[in-house]
Every structure is written in structure tokens, then in C-alpha cells.
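Okay, coords.pdb is below, PDB, C-alpha atoms and all ligand atoms:
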ATOM      1  CA  MET A 354       3.984  -5.769 -18.045
ATOM      2  CA  LYS A 355       7.513  -6.441 -16.914
ATOM      3  CA  HIS A 356       7.828  -4.427 -13.691
ATOM      4  CA  LEU A 357       5.479  -3.061 -11.019
ATOM      5  CA  ILE A 358       6.866   0.325  -9.978
ATOM      6  CA  SER A 359       4.012   2.821  -9.670
ATOM      7  CA  MET A 360       0.203   2.769  -9.764
ATOM      8  CA  ARG A 361       0.540   5.505 -12.386
ATOM      9  CA  ASP A 362       1.916   2.893 -14.780
ATOM     10  CA  LEU A 363      -1.204   0.705 -14.523
ATOM     11  CA  SER A 364      -4.355   0.858 -16.627
ATOM     12  CA  LYS A 365      -7.779   0.124 -15.201
ATOM     13  CA  ASN A 366      -7.639  -3.256 -16.920
ATOM     14  CA  ASP A 367      -4.256  -4.059 -15.386
ATOM     15  CA  ILE A 368      -5.704  -3.383 -11.930
ATOM     16  CA  LEU A 369      -8.770  -5.520 -12.587
ATOM     17  CA  HIS A 370      -6.587  -8.307 -13.921
ATOM     18  CA  PHE A 371      -4.438  -8.352 -10.759
ATOM     19  CA  ILE A 372      -7.612  -8.455  -8.659
ATOM     20  CA  GLU A 373      -9.259 -11.234 -10.679
ATOM     21  CA  THR A 374      -6.103 -13.336 -10.446
ATOM     22  CA  ALA A 375      -5.861 -12.792  -6.669
ATOM     23  CA  GLU A 376      -9.476 -13.877  -6.349
ATOM     24  CA  LEU A 377      -8.957 -17.043  -8.394
ATOM     25  CA  ILE A 378      -5.895 -17.897  -6.309
ATOM     26  CA  GLU A 379      -7.711 -17.269  -3.030
ATOM     27  CA  LYS A 380     -10.642 -19.431  -4.100
ATOM     28  CA  GLY A 381      -8.293 -22.259  -5.110
ATOM     29  CA  LYS A 382      -9.410 -22.048  -8.757
ATOM     30  CA  MET A 383      -5.912 -21.203  -9.924
ATOM     31  CA  LYS A 384      -2.560 -22.303  -8.556
ATOM     32  CA  PRO A 385       0.374 -20.814 -10.466
ATOM     33  CA  ASN A 386       3.472 -23.007 -10.248
ATOM     34  CA  LEU A 387       6.609 -21.120  -9.219
ATOM     35  CA  LYS A 388       8.766 -24.201  -8.716
ATOM     36  CA  GLY A 389      12.348 -23.377  -9.607
ATOM     37  CA  LYS A 390      11.761 -19.607  -9.308
ATOM     38  CA  LEU A 391      13.662 -17.439  -6.858
ATOM     39  CA  ALA A 392      12.593 -14.009  -5.580
ATOM     40  CA  ALA A 393      15.221 -11.746  -4.005
ATOM     41  CA  LEU A 394      13.557  -9.596  -1.343
ATOM     42  CA  LEU A 395      15.717  -6.541  -0.724
ATOM     43  CA  PHE A 396      14.418  -4.541   2.201
ATOM     44  CA  PHE A 397      16.564  -1.506   2.911
ATOM     45  CA  GLU A 398      13.792  -0.231   5.257
ATOM     46  CA  PRO A 399      11.858  -2.073   8.009
ATOM     47  CA  SER A 400       8.906  -4.254   7.030
ATOM     48  CA  THR A 401       6.698  -6.947   8.558
ATOM     49  CA  ARG A 402       3.670  -7.590   6.357
ATOM     50  CA  THR A 403       5.150  -6.773   2.982
ATOM     51  CA  ARG A 404       8.248  -8.938   3.403
ATOM     52  CA  PHE A 405       6.540 -11.863   5.125
ATOM     53  CA  SER A 406       3.632 -11.899   2.706
ATOM     54  CA  PHE A 407       5.970 -11.868  -0.308
ATOM     55  CA  GLU A 408       7.933 -14.749   1.235
ATOM     56  CA  SER A 409       4.777 -16.632   2.038
ATOM     57  CA  ALA A 410       3.342 -15.937  -1.439
ATOM     58  CA  MET A 411       6.457 -17.250  -3.155
ATOM     59  CA  LYS A 412       6.836 -20.345  -0.969
ATOM     60  CA  ARG A 413       3.169 -21.332  -1.048
ATOM     61  CA  LEU A 414       3.365 -21.397  -4.858
ATOM     62  CA  GLY A 415       6.458 -23.616  -4.800
ATOM     63  CA  GLY A 416       9.061 -20.869  -5.275
ATOM     64  CA  GLU A 417      11.905 -19.798  -3.027
ATOM     65  CA  THR A 418      13.275 -16.537  -1.632
ATOM     66  CA  LEU A 419      16.565 -14.832  -0.840
ATOM     67  CA  THR A 420      16.066 -12.135   1.777
ATOM     68  CA  MET A 421      17.981  -9.069   2.812
ATOM     69  CA  SER A 422      16.668  -7.018   5.759
ATOM     70  CA  GLY A 423      18.599  -3.822   6.399
ATOM     71  CA  THR A 424      22.043  -3.180   4.985
ATOM     72  CA  GLY A 425      24.018  -4.274   8.053
ATOM     73  CA  THR A 426      25.052  -7.641   6.640
ATOM     74  CA  THR A 427      25.750  -6.798   2.987
ATOM     75  CA  SER A 428      28.603  -5.046   1.220
ATOM     76  CA  ALA A 429      26.601  -1.787   1.284
ATOM     77  CA  LYS A 430      28.235  -1.567   4.700
ATOM     78  CA  LYS A 431      31.647  -1.607   2.961
ATOM     79  CA  GLY A 432      30.597   1.253   0.696
ATOM     80  CA  GLU A 433      29.158  -0.661  -2.275
ATOM     81  CA  SER A 434      26.711   1.420  -4.318
ATOM     82  CA  PHE A 435      22.990   0.608  -4.587
ATOM     83  CA  ALA A 436      23.477   0.026  -8.326
ATOM     84  CA  ASP A 437      26.258  -2.522  -7.833
ATOM     85  CA  THR A 438      24.348  -4.346  -5.085
ATOM     86  CA  ILE A 439      21.210  -4.553  -7.229
ATOM     87  CA  LYS A 440      23.057  -5.648 -10.391
ATOM     88  CA  THR A 441      24.838  -8.368  -8.438
ATOM     89  CA  ILE A 442      21.794  -9.767  -6.664
ATOM     90  CA  SER A 443      19.842  -9.767  -9.932
ATOM     91  CA  GLN A 444      22.286 -12.427 -11.192
ATOM     92  CA  TYR A 445      21.056 -14.842  -8.524
ATOM     93  CA  ALA A 446      17.280 -14.442  -8.741
ATOM     94  CA  ASP A 447      14.336 -14.340 -11.172
ATOM     95  CA  ILE A 448      12.575 -11.304  -9.678
ATOM     96  CA  LEU A 449      13.605  -8.453  -7.337
ATOM     97  CA  VAL A 450      11.307  -6.993  -4.691
ATOM     98  CA  ILE A 451      12.784  -3.750  -3.369
ATOM     99  CA  ARG A 452      11.926  -1.465  -0.456
ATOM    100  CA  SER A 453      14.062   1.638  -0.128
ATOM    101  CA  VAL A 454      14.012   4.970   1.640
ATOM    102  CA  LEU A 455      14.920   6.607  -1.692
ATOM    103  CA  GLU A 456      12.097   7.761  -3.960
ATOM    104  CA  GLY A 457      12.673   6.327  -7.415
ATOM    105  CA  ALA A 458      14.953   3.502  -6.216
ATOM    106  CA  SER A 459      12.851   0.735  -7.778
ATOM    107  CA  ARG A 460      12.387   2.639 -11.027
ATOM    108  CA  TYR A 461      16.145   3.080 -11.247
ATOM    109  CA  ALA A 462      16.722  -0.605 -10.415
ATOM    110  CA  SER A 463      14.303  -1.623 -13.187
ATOM    111  CA  GLU A 464      16.414   0.328 -15.662
ATOM    112  CA  ILE A 465      19.694  -1.407 -14.789
ATOM    113  CA  VAL A 466      18.723  -5.071 -14.361
ATOM    114  CA  SER A 467      17.230  -7.562 -16.797
ATOM    115  CA  ILE A 468      14.722  -9.276 -14.467
ATOM    116  CA  PRO A 469      11.346  -7.968 -13.227
ATOM    117  CA  VAL A 470      11.404  -5.445 -10.357
ATOM    118  CA  VAL A 471       8.592  -4.886  -7.861
ATOM    119  CA  ASN A 472       8.461  -1.698  -5.801
ATOM    120  CA  ALA A 473       7.679  -2.654  -2.194
ATOM    121  CA  GLY A 474       7.778   1.007  -1.107
ATOM    122  CA  ASP A 475      10.119   3.826  -2.167
ATOM    123  CA  GLY A 476      10.357   6.538   0.465
ATOM    124  CA  ALA A 477       7.221   8.664   0.628
ATOM    125  CA  ASN A 478       6.461   8.051  -3.044
ATOM    126  CA  GLN A 479       4.635   4.830  -3.962
ATOM    127  CA  HIS A 480       3.674   1.405  -2.614
ATOM    128  CA  PRO A 481       1.749  -0.201  -5.478
ATOM    129  CA  THR A 482       1.480  -3.753  -4.105
ATOM    130  CA  GLN A 483      -0.181  -2.331  -0.985
ATOM    131  CA  ALA A 484      -2.609  -0.304  -3.115
ATOM    132  CA  LEU A 485      -3.542  -3.414  -5.095
ATOM    133  CA  LEU A 486      -4.271  -5.367  -1.930
ATOM    134  CA  ASP A 487      -6.225  -2.384  -0.597
ATOM    135  CA  LEU A 488      -8.304  -2.350  -3.781
ATOM    136  CA  TYR A 489      -8.817  -6.102  -3.475
ATOM    137  CA  SER A 490      -9.996  -5.542   0.110
ATOM    138  CA  ILE A 491     -12.454  -2.883  -1.096
ATOM    139  CA  VAL A 492     -13.852  -5.258  -3.720
ATOM    140  CA  LYS A 493     -14.223  -8.026  -1.158
ATOM    141  CA  THR A 494     -16.049  -5.837   1.353
ATOM    142  CA  GLN A 495     -18.104  -3.651  -1.005
ATOM    143  CA  GLY A 496     -18.648  -5.995  -3.939
ATOM    144  CA  THR A 497     -17.348  -3.293  -6.322
ATOM    145  CA  LEU A 498     -14.680  -0.628  -6.767
ATOM    146  CA  GLU A 499     -17.053   1.797  -8.481
ATOM    147  CA  ASN A 500     -18.456   4.920  -6.764
ATOM    148  CA  ILE A 501     -16.957   4.239  -3.339
ATOM    149  CA  THR A 502     -17.163   6.987  -0.709
ATOM    150  CA  ILE A 503     -13.899   6.855   1.172
ATOM    151  CA  ALA A 504     -12.192   8.975   3.827
ATOM    152  CA  ILE A 505      -8.415   8.725   3.896
ATOM    153  CA  ILE A 506      -7.121   9.846   7.268
ATOM    154  CA  GLY A 507      -3.719  10.650   8.766
ATOM    155  CA  ASP A 508      -0.438  11.322   7.013
ATOM    156  CA  LEU A 509      -1.407  12.075   3.441
ATOM    157  CA  LYS A 510       1.824  13.886   2.718
ATOM    158  CA  PHE A 511       4.336  11.147   3.482
ATOM    159  CA  GLY A 512       2.038   8.112   3.271
ATOM    160  CA  ARG A 513       3.087   6.223   0.156
ATOM    161  CA  THR A 514       0.198   3.769   0.508
ATOM    162  CA  VAL A 515      -2.157   6.750   0.292
ATOM    163  CA  HIS A 516      -0.539   8.089  -2.876
ATOM    164  CA  SER A 517      -0.763   4.708  -4.581
ATOM    165  CA  LEU A 518      -4.333   4.054  -3.438
ATOM    166  CA  VAL A 519      -5.530   7.466  -4.643
ATOM    167  CA  TYR A 520      -4.093   6.808  -8.117
ATOM    168  CA  GLY A 521      -5.564   3.308  -8.208
ATOM    169  CA  LEU A 522      -9.055   4.306  -7.095
ATOM    170  CA  SER A 523      -9.153   7.260  -9.489
ATOM    171  CA  TYR A 524     -10.234   4.924 -12.288
ATOM    172  CA  PHE A 525     -13.427   4.006 -10.436
ATOM    173  CA  SER A 526     -15.275   7.325  -9.836
ATOM    174  CA  PRO A 527     -14.607   7.577  -6.095
ATOM    175  CA  ARG A 528     -15.785  10.291  -3.699
ATOM    176  CA  PHE A 529     -12.751  11.172  -1.585
ATOM    177  CA  TYR A 530     -12.552  12.910   1.798
ATOM    178  CA  PHE A 531      -8.947  13.667   2.717
ATOM    179  CA  ILE A 532      -8.622  14.234   6.470
ATOM    180  CA  SER A 533      -5.235  15.316   7.827
ATOM    181  CA  PRO A 534      -3.445  18.026   9.771
ATOM    182  CA  LEU A 535      -2.764  20.957   7.421
ATOM    183  CA  HIS A 536       0.957  20.157   7.310
ATOM    184  CA  LEU A 537       0.308  16.572   6.246
ATOM    185  CA  SER A 538      -2.088  17.276   3.345
ATOM    186  CA  LEU A 539      -2.079  15.360   0.104
ATOM    187  CA  PRO A 540       0.725  16.601  -2.224
ATOM    188  CA  GLU A 541      -0.343  19.239  -4.764
ATOM    189  CA  HIS A 542       0.678  17.164  -7.785
ATOM    190  CA  ILE A 543      -1.757  14.418  -6.781
ATOM    191  CA  LYS A 544      -4.574  16.922  -6.188
ATOM    192  CA  ASN A 545      -3.869  18.461  -9.592
ATOM    193  CA  GLU A 546      -4.162  15.064 -11.187
ATOM    194  CA  LEU A 547      -7.512  14.473  -9.454
ATOM    195  CA  HIS A 548      -8.767  17.844 -10.716
ATOM    196  CA  SER A 549      -7.680  16.963 -14.247
ATOM    197  CA  LYS A 550      -9.670  13.704 -14.017
ATOM    198  CA  ASN A 551     -12.732  15.538 -12.608
ATOM    199  CA  ILE A 552     -12.674  13.495  -9.425
ATOM    200  CA  ILE A 553     -14.597  14.948  -6.518
ATOM    201  CA  PHE A 554     -12.696  15.389  -3.291
ATOM    202  CA  GLU A 555     -12.854  17.446  -0.130
ATOM    203  CA  GLU A 556     -10.089  18.185   2.313
ATOM    204  CA  GLY A 557     -10.767  18.582   6.018
ATOM    205  CA  ARG A 558      -9.479  18.243   9.553
ATOM    206  CA  GLU A 559     -12.387  16.503  11.328
ATOM    207  CA  ILE A 560     -13.780  13.033  10.863
ATOM    208  CA  ASP A 561     -16.704  12.779  13.321
ATOM    209  CA  ASN A 562     -19.529  14.248  11.241
ATOM    210  CA  LEU A 563     -18.443  12.351   8.131
ATOM    211  CA  VAL A 564     -18.405   8.813   9.405
ATOM    212  CA  ASN A 565     -22.007   7.877   8.603
ATOM    213  CA  LYS A 566     -21.567   8.792   4.902
ATOM    214  CA  LEU A 567     -18.645   6.436   4.354
ATOM    215  CA  ASP A 568     -18.237   3.046   2.737
ATOM    216  CA  ILE A 569     -14.544   2.903   3.666
ATOM    217  CA  MET A 570     -12.417   4.680   6.242
ATOM    218  CA  TYR A 571      -8.719   4.255   5.373
ATOM    219  CA  VAL A 572      -6.606   5.159   8.403
ATOM    220  CA  THR A 573      -2.845   5.681   8.282
ATOM    221  CA  ARG A 574       0.058   6.128  10.678
ATOM    222  CA  ILE A 575       1.864   9.465  10.927
ATOM    223  CA  GLN A 576       5.148   8.560   9.187
ATOM    224  CA  LYS A 577       7.580   9.429  11.958
ATOM    225  CA  GLU A 578      10.684   8.383  10.032
ATOM    226  CA  ARG A 579      10.003  10.907   7.226
ATOM    227  CA  PHE A 580      10.000  14.017   9.448
ATOM    228  CA  ALA A 581      13.114  16.176   9.242
ATOM    229  CA  ASP A 582      12.177  17.815  12.573
ATOM    230  CA  PRO A 583      11.299  15.425  15.471
ATOM    231  CA  GLU A 584       9.459  18.245  17.251
ATOM    232  CA  GLU A 585       7.090  18.581  14.328
ATOM    233  CA  TYR A 586       6.303  14.863  14.645
ATOM    234  CA  GLU A 587       5.674  15.246  18.390
ATOM    235  CA  LYS A 588       3.161  18.014  17.648
ATOM    236  CA  LEU A 589       1.244  15.971  15.076
ATOM    237  CA  LYS A 590       1.506  12.402  16.312
ATOM    238  CA  GLY A 591      -1.753  12.272  18.267
ATOM    239  CA  SER A 592      -3.820  14.162  15.676
ATOM    240  CA  TYR A 593      -6.336  11.370  15.046
ATOM    241  CA  GLN A 594      -7.633   8.453  16.996
ATOM    242  CA  ILE A 595     -10.506   6.264  15.862
ATOM    243  CA  THR A 596     -12.503   4.924  18.825
ATOM    244  CA  SER A 597     -15.600   2.725  18.775
ATOM    245  CA  ASN A 598     -17.879   5.511  20.048
ATOM    246  CA  ILE A 599     -17.639   7.437  16.750
ATOM    247  CA  LEU A 600     -18.941   4.358  14.914
ATOM    248  CA  ASN A 601     -22.549   4.450  16.129
ATOM    249  CA  ASN A 602     -24.377   5.403  12.959
ATOM    250  CA  VAL A 603     -22.276   3.868  10.215
ATOM    251  CA  LYS A 604     -23.594   2.278   7.015
ATOM    252  CA  GLY A 605     -24.112  -1.490   6.970
ATOM    253  CA  ASN A 606     -21.295  -2.030   4.482
ATOM    254  CA  PHE A 607     -18.869   0.289   6.334
ATOM    255  CA  LYS A 608     -15.321  -1.024   6.895
ATOM    256  CA  ILE A 609     -12.125   0.379   8.371
ATOM    257  CA  LEU A 610      -8.902  -0.329   6.505
ATOM    258  CA  HIS A 611      -5.341   0.418   7.635
ATOM    259  CA  PRO A 612      -2.171  -0.683   5.823
ATOM    260  CA  LEU A 613      -0.611  -1.295   9.275
ATOM    261  CA  PRO A 614       1.534  -0.961  11.333
ATOM    262  CA  ARG A 615      -0.790   0.896  13.682
ATOM    263  CA  VAL A 616       0.652   3.057  16.423
ATOM    264  CA  ASN A 617      -2.304   4.607  18.274
ATOM    265  CA  GLU A 618      -4.573   5.891  15.497
ATOM    266  CA  ILE A 619      -7.155   3.111  16.004
ATOM    267  CA  THR A 620      -7.839   1.911  19.545
ATOM    268  CA  THR A 621      -7.716  -1.861  20.050
ATOM    269  CA  GLU A 622     -11.395  -2.009  21.132
ATOM    270  CA  VAL A 623     -12.296  -1.134  17.532
ATOM    271  CA  ASP A 624     -10.731  -4.486  16.549
ATOM    272  CA  ASN A 625     -13.717  -6.244  18.107
ATOM    273  CA  THR A 626     -16.318  -4.337  16.082
ATOM    274  CA  PRO A 627     -17.665  -5.707  12.787
ATOM    275  CA  TYR A 628     -16.095  -2.704  11.014
ATOM    276  CA  ALA A 629     -12.437  -3.572  11.590
ATOM    277  CA  TYR A 630     -11.044  -5.188   8.460
ATOM    278  CA  TYR A 631      -7.310  -4.446   8.733
ATOM    279  CA  PHE A 632      -6.112  -7.918   9.689
ATOM    280  CA  GLU A 633      -8.134  -9.530   6.890
ATOM    281  CA  GLN A 634      -6.701  -6.809   4.651
ATOM    282  CA  ALA A 635      -3.182  -7.959   5.620
ATOM    283  CA  LYS A 636      -4.172 -11.511   4.712
ATOM    284  CA  ASN A 637      -5.430 -10.327   1.328
ATOM    285  CA  GLY A 638      -1.839  -9.216   0.796
ATOM    286  CA  LEU A 639      -0.821 -12.837   0.473
ATOM    287  CA  TYR A 640      -3.228 -13.511  -2.424
ATOM    288  CA  MET A 641      -2.449 -10.205  -4.108
ATOM    289  CA  ARG A 642       1.297 -10.832  -3.927
ATOM    290  CA  GLN A 643       0.805 -14.324  -5.323
ATOM    291  CA  SER A 644      -1.133 -12.700  -8.155
ATOM    292  CA  ILE A 645       1.560 -10.071  -8.764
ATOM    293  CA  ILE A 646       4.536 -12.433  -8.684
ATOM    294  CA  SER A 647       2.900 -15.004 -10.920
ATOM    295  CA  MET A 648       1.771 -12.388 -13.444
ATOM    296  CA  LEU A 649       5.273 -10.920 -13.660
ATOM    297  CA  LEU A 650       7.088 -14.260 -13.715
ATOM    298  CA  LEU A 651       4.787 -16.480 -15.770
ATOM    299  CA  THR A 652       3.106 -14.255 -18.379
TER     300      THR A 652
HETATM  301  C1  LIG B 701       3.156   0.797   5.041
HETATM  302  C2  LIG B 701       4.456   1.278   4.420
HETATM  303  O1  LIG B 701       5.495   0.613   4.584
HETATM  304  O2  LIG B 701       4.382   2.271   3.738
HETATM  305  N1  LIG B 701       3.275  -0.478   5.619
HETATM  306  C3  LIG B 701       2.977  -1.576   4.869
HETATM  307  O3  LIG B 701       3.669  -1.906   3.940
HETATM  308  N2  LIG B 701       1.853  -2.249   5.172
HETATM  309  C4  LIG B 701       2.500   1.782   5.939
HETATM  310  C5  LIG B 701       3.305   2.370   7.062
HETATM  311  O4  LIG B 701       4.468   2.041   7.268
HETATM  312  O5  LIG B 701       2.719   3.185   7.769
END
In C-alpha cells, write the structure found in this file.
Amino acid sequence: MKHLISMRDLSKNDILHFIETAELIEKGKMKPNLKGKLAALLFFEPSTRTRFSFESAMKRLGGETLTMSGTGTTSAKKGESFADTIKTISQYADILVIRSVLEGASRYASEIVSIPVVNAGDGANQHPTQALLDLYSIVKTQGTLENITIAIIGDLKFGRTVHSLVYGLSYFSPRFYFISPLHLSLPEHIKNELHSKNIIFEEGREIDNLVNKLDIMYVTRIQKERFADPEEYEKLKGSYQITSNILNNVKGNFKILHPLPRVNEITTEVDNTPYAYYFEQAKNGLYMRQSIISMLLLT
């Protein structure tokens, strides 16, 4: 595998291989050596966890990073095209990690440069490195990826982490509950794909009477920046809020995941329950990104 652009490009074995490598790295049984390697991190959209964890991943394995955050300080400001910027920066690095508002930006970049490209989020489309760390977090908390009952809650229309996670989990016979406002439902093309794979899912608006069936509750932020109409966002922004009093009868293995950032969809008192796993999940991002970078650069 040369690039990591979409979960749709990965086989079940690819996913398991990324997870096994992350696990070996986390346990200290494997330490890939990235000395002399440079990653260019090109973030055309805001990021905290993805950018910092890629930087940390690279540096902790002996590699180095070049970082661009926003376009304010590059020649994009002077009118340089995305293609020219990408081609130029690819001359200075061994791997490109790209986050863009444009769907397909990383795929396009992978077609015009000769070094590996990692998609760190392209608009509302895909975020495969997040999905891989989410899957790693599921394995760590459930002991398996197979037959998980999971509710995915929030912005299923614009949430790229959701799209990637749904594709990734589809290999492992999941039972999905998709909970969102009607206008933020999972895109039809993804539902069609689930139908074609005979994967069971239900769509709904309410979470309360579901909670005690779940292994995983995956909560997401309403993606404010993707709304064309700010009034529409205002109407939908408070649609869901997870509070500790809906967590009374949950299963023993139950965990709450969230790709973060959180706005108000999980109250902070939930952080102190044994079910909150989102900060550990963010830490798993370090090991998963070490796994991804080393597999693309060293194999
Ligand atoms: C997500 C993203 O950028 O899509 N953040 C992340 O990478 N952890 C989720 C979000 O912004 O809501």
C-alpha cells in the first residue's frame, strides 16, 4: 500500500495489520526507526489531535516534521494552486499528510506526487486515520471488532469520521444504530453499500431506550463549518446531549467514544464515569499514526 486515502481502499487484512502494528508499538515490542525521514503536515483546515499526534508519532520514532497550519503563510495566499503547492512541498519531504476542506483533495494529491500521501480529513468525505484509531480503541475496550453493537450519534451527514468508521466496521458484522436529526442522516450511498453487504442497521432520532443494548456509543459534533445556512445549524446544534443519568443500566463493557473536539454533546460530568473513553481514544491516535507512517514509509 502506498497511500492511505479512504477506508474503502482497505481490505479487512489491511485494517487488522494496522491495528496489530499499533498494538506492538504501544506495548514497546516494536520500534520502527524513522531517523532521517521527514513528514510534511499540510493542514488547510483546523486541527488539534490529528496534527499533534502525527507530529508526536513522527518525532517519537526519530523522524522530523514540516508543518503548515492554514494557508495564511504560504504562497496559496499569493494565488498559487493546490497542485503547485503540493508538488513543491513533496520535493522536501518523504510523506505528505493532508487535511483539506475539499473532498478528494488527498486522492488528487496522491495522483500528482511521487511520495506517499495520507488523508487527514477531506471535507465531509473521509478521515481514515481517525477510523483506524477508532477501530483500535474498539479492540482495546471490547477485545474484538466482531459483532459489536454500536450507536453512532450526531452529524452523520457531514461527519467524515463517521463515514470512514462505518466502512471500516462493515468488515466485522456490526449491528449499527444511526441516531441523528433527519436532515443529518447517513448519506444514501453509504446506506446502499451497507444493504449490499447485508449489514443490519436501524436509523432513529432517540437514544435513551437504546443505551443498555450497546457495546459502543460513538458521539459526534454537529459539523458547523459544513452548513451552507447558519440558521439551519442553529436549529440543529443542541439536538443531542449525553448526560450521566442516561447511563444507569449500561452493559459492563460499554464505552463512549468521540473523535473530539466536543462542543456540548457530552457533558463534562460524563468524563468522570468509567464509560468515558474519548481521551484514551485520542492517545490511541499516537500509536495508530506511528503504525500508519511506519507502514507507508518502511514497507
Ligand atoms: C474530527 C474531524 O476533523 O473530522 N476531528 C478529529 O480529527 N479528531 C471530528 C470533528 O471535527 O468533529
Could you give me, as a PyMOL selection string, every polymer residue with an atom at most 6 Å away from an atom of ligand LIG 701 (chain B), counting all atoms listed in the file? chain A and resi 402-403+513-514+574+612-614
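Going from atom CA of Ile501 of chain A over to atom CA of Arg528 of chain A, you cover 6.2 Å.
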Ground truth for the PyMOL selection byres (((chain A and resi 595) around 9) and not hetatm), written as a VMD selection string: chain A and resid 572 593 to 594 596 to 600 617 to 620 623
List the residues matched by the PyMOL selection byres (((chain A and resi 604-608) around 10) and not hetatm) in the displayed structure as number ranges by chain, ordered by chain and then by residue number. A: 490-491, 494-496, 502-503, 564-571, 600-603, 609-610, 626-631
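Using all atoms listed in the file, the shortest contact distance between Ala477 of chain A and any of A:Ser428, A:Asn551, A:Thr438, A:Gln576 is found at A:Gln576.
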As an exercise, work out the distance from atom CA of Ala436 of chain A to atom CA of Pro399 of chain A in Å and give it to one decimal place. 20.2 Å
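Counting from atom CA of Ser467 of chain A, the distance to atom CA of Ile439 of chain A is 10.8 Å.
Running the PyMOL selection byres (((chain A and resi 532) around 8) and not hetatm) on this file leaves Ala504, Ile505, Ile506, Gly507, Tyr530, Phe531, Ser533, Pro534, Ser538, Glu556, Gly557, Arg558, Glu559 and Ile560 of chain A selected.
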Env of Val470 of chain A: 8 Å cut, atoms = all atoms listed in the file, seq-sep filter 2 positions within chain, self excluded. Answer as an NGL selection string. :A and (355-358 or 448-451 or 459 or 462-463 or 468 or 472)
Would you save the residues of that selection, restricted to C-alpha atoms, as a PDB file, in the coordinates of the input?
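Contents of selection_10.pdb, as written:
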ATOM      1  CA  LYS A 355       7.513  -6.441 -16.914  1.00  0.00           C
ATOM      2  CA  HIS A 356       7.828  -4.427 -13.691  1.00  0.00           C
ATOM      3  CA  LEU A 357       5.479  -3.061 -11.019  1.00  0.00           C
ATOM      4  CA  ILE A 358       6.866   0.325  -9.978  1.00  0.00           C
ATOM      5  CA  ILE A 448      12.575 -11.304  -9.678  1.00  0.00           C
ATOM      6  CA  LEU A 449      13.605  -8.453  -7.337  1.00  0.00           C
ATOM      7  CA  VAL A 450      11.307  -6.993  -4.691  1.00  0.00           C
ATOM      8  CA  ILE A 451      12.784  -3.750  -3.369  1.00  0.00           C
ATOM      9  CA  SER A 459      12.851   0.735  -7.778  1.00  0.00           C
ATOM     10  CA  ALA A 462      16.722  -0.605 -10.415  1.00  0.00           C
ATOM     11  CA  SER A 463      14.303  -1.623 -13.187  1.00  0.00           C
ATOM     12  CA  ILE A 468      14.722  -9.276 -14.467  1.00  0.00           C
ATOM     13  CA  ASN A 472       8.461  -1.698  -5.801  1.00  0.00           C
TER      14      ASN A 472
END
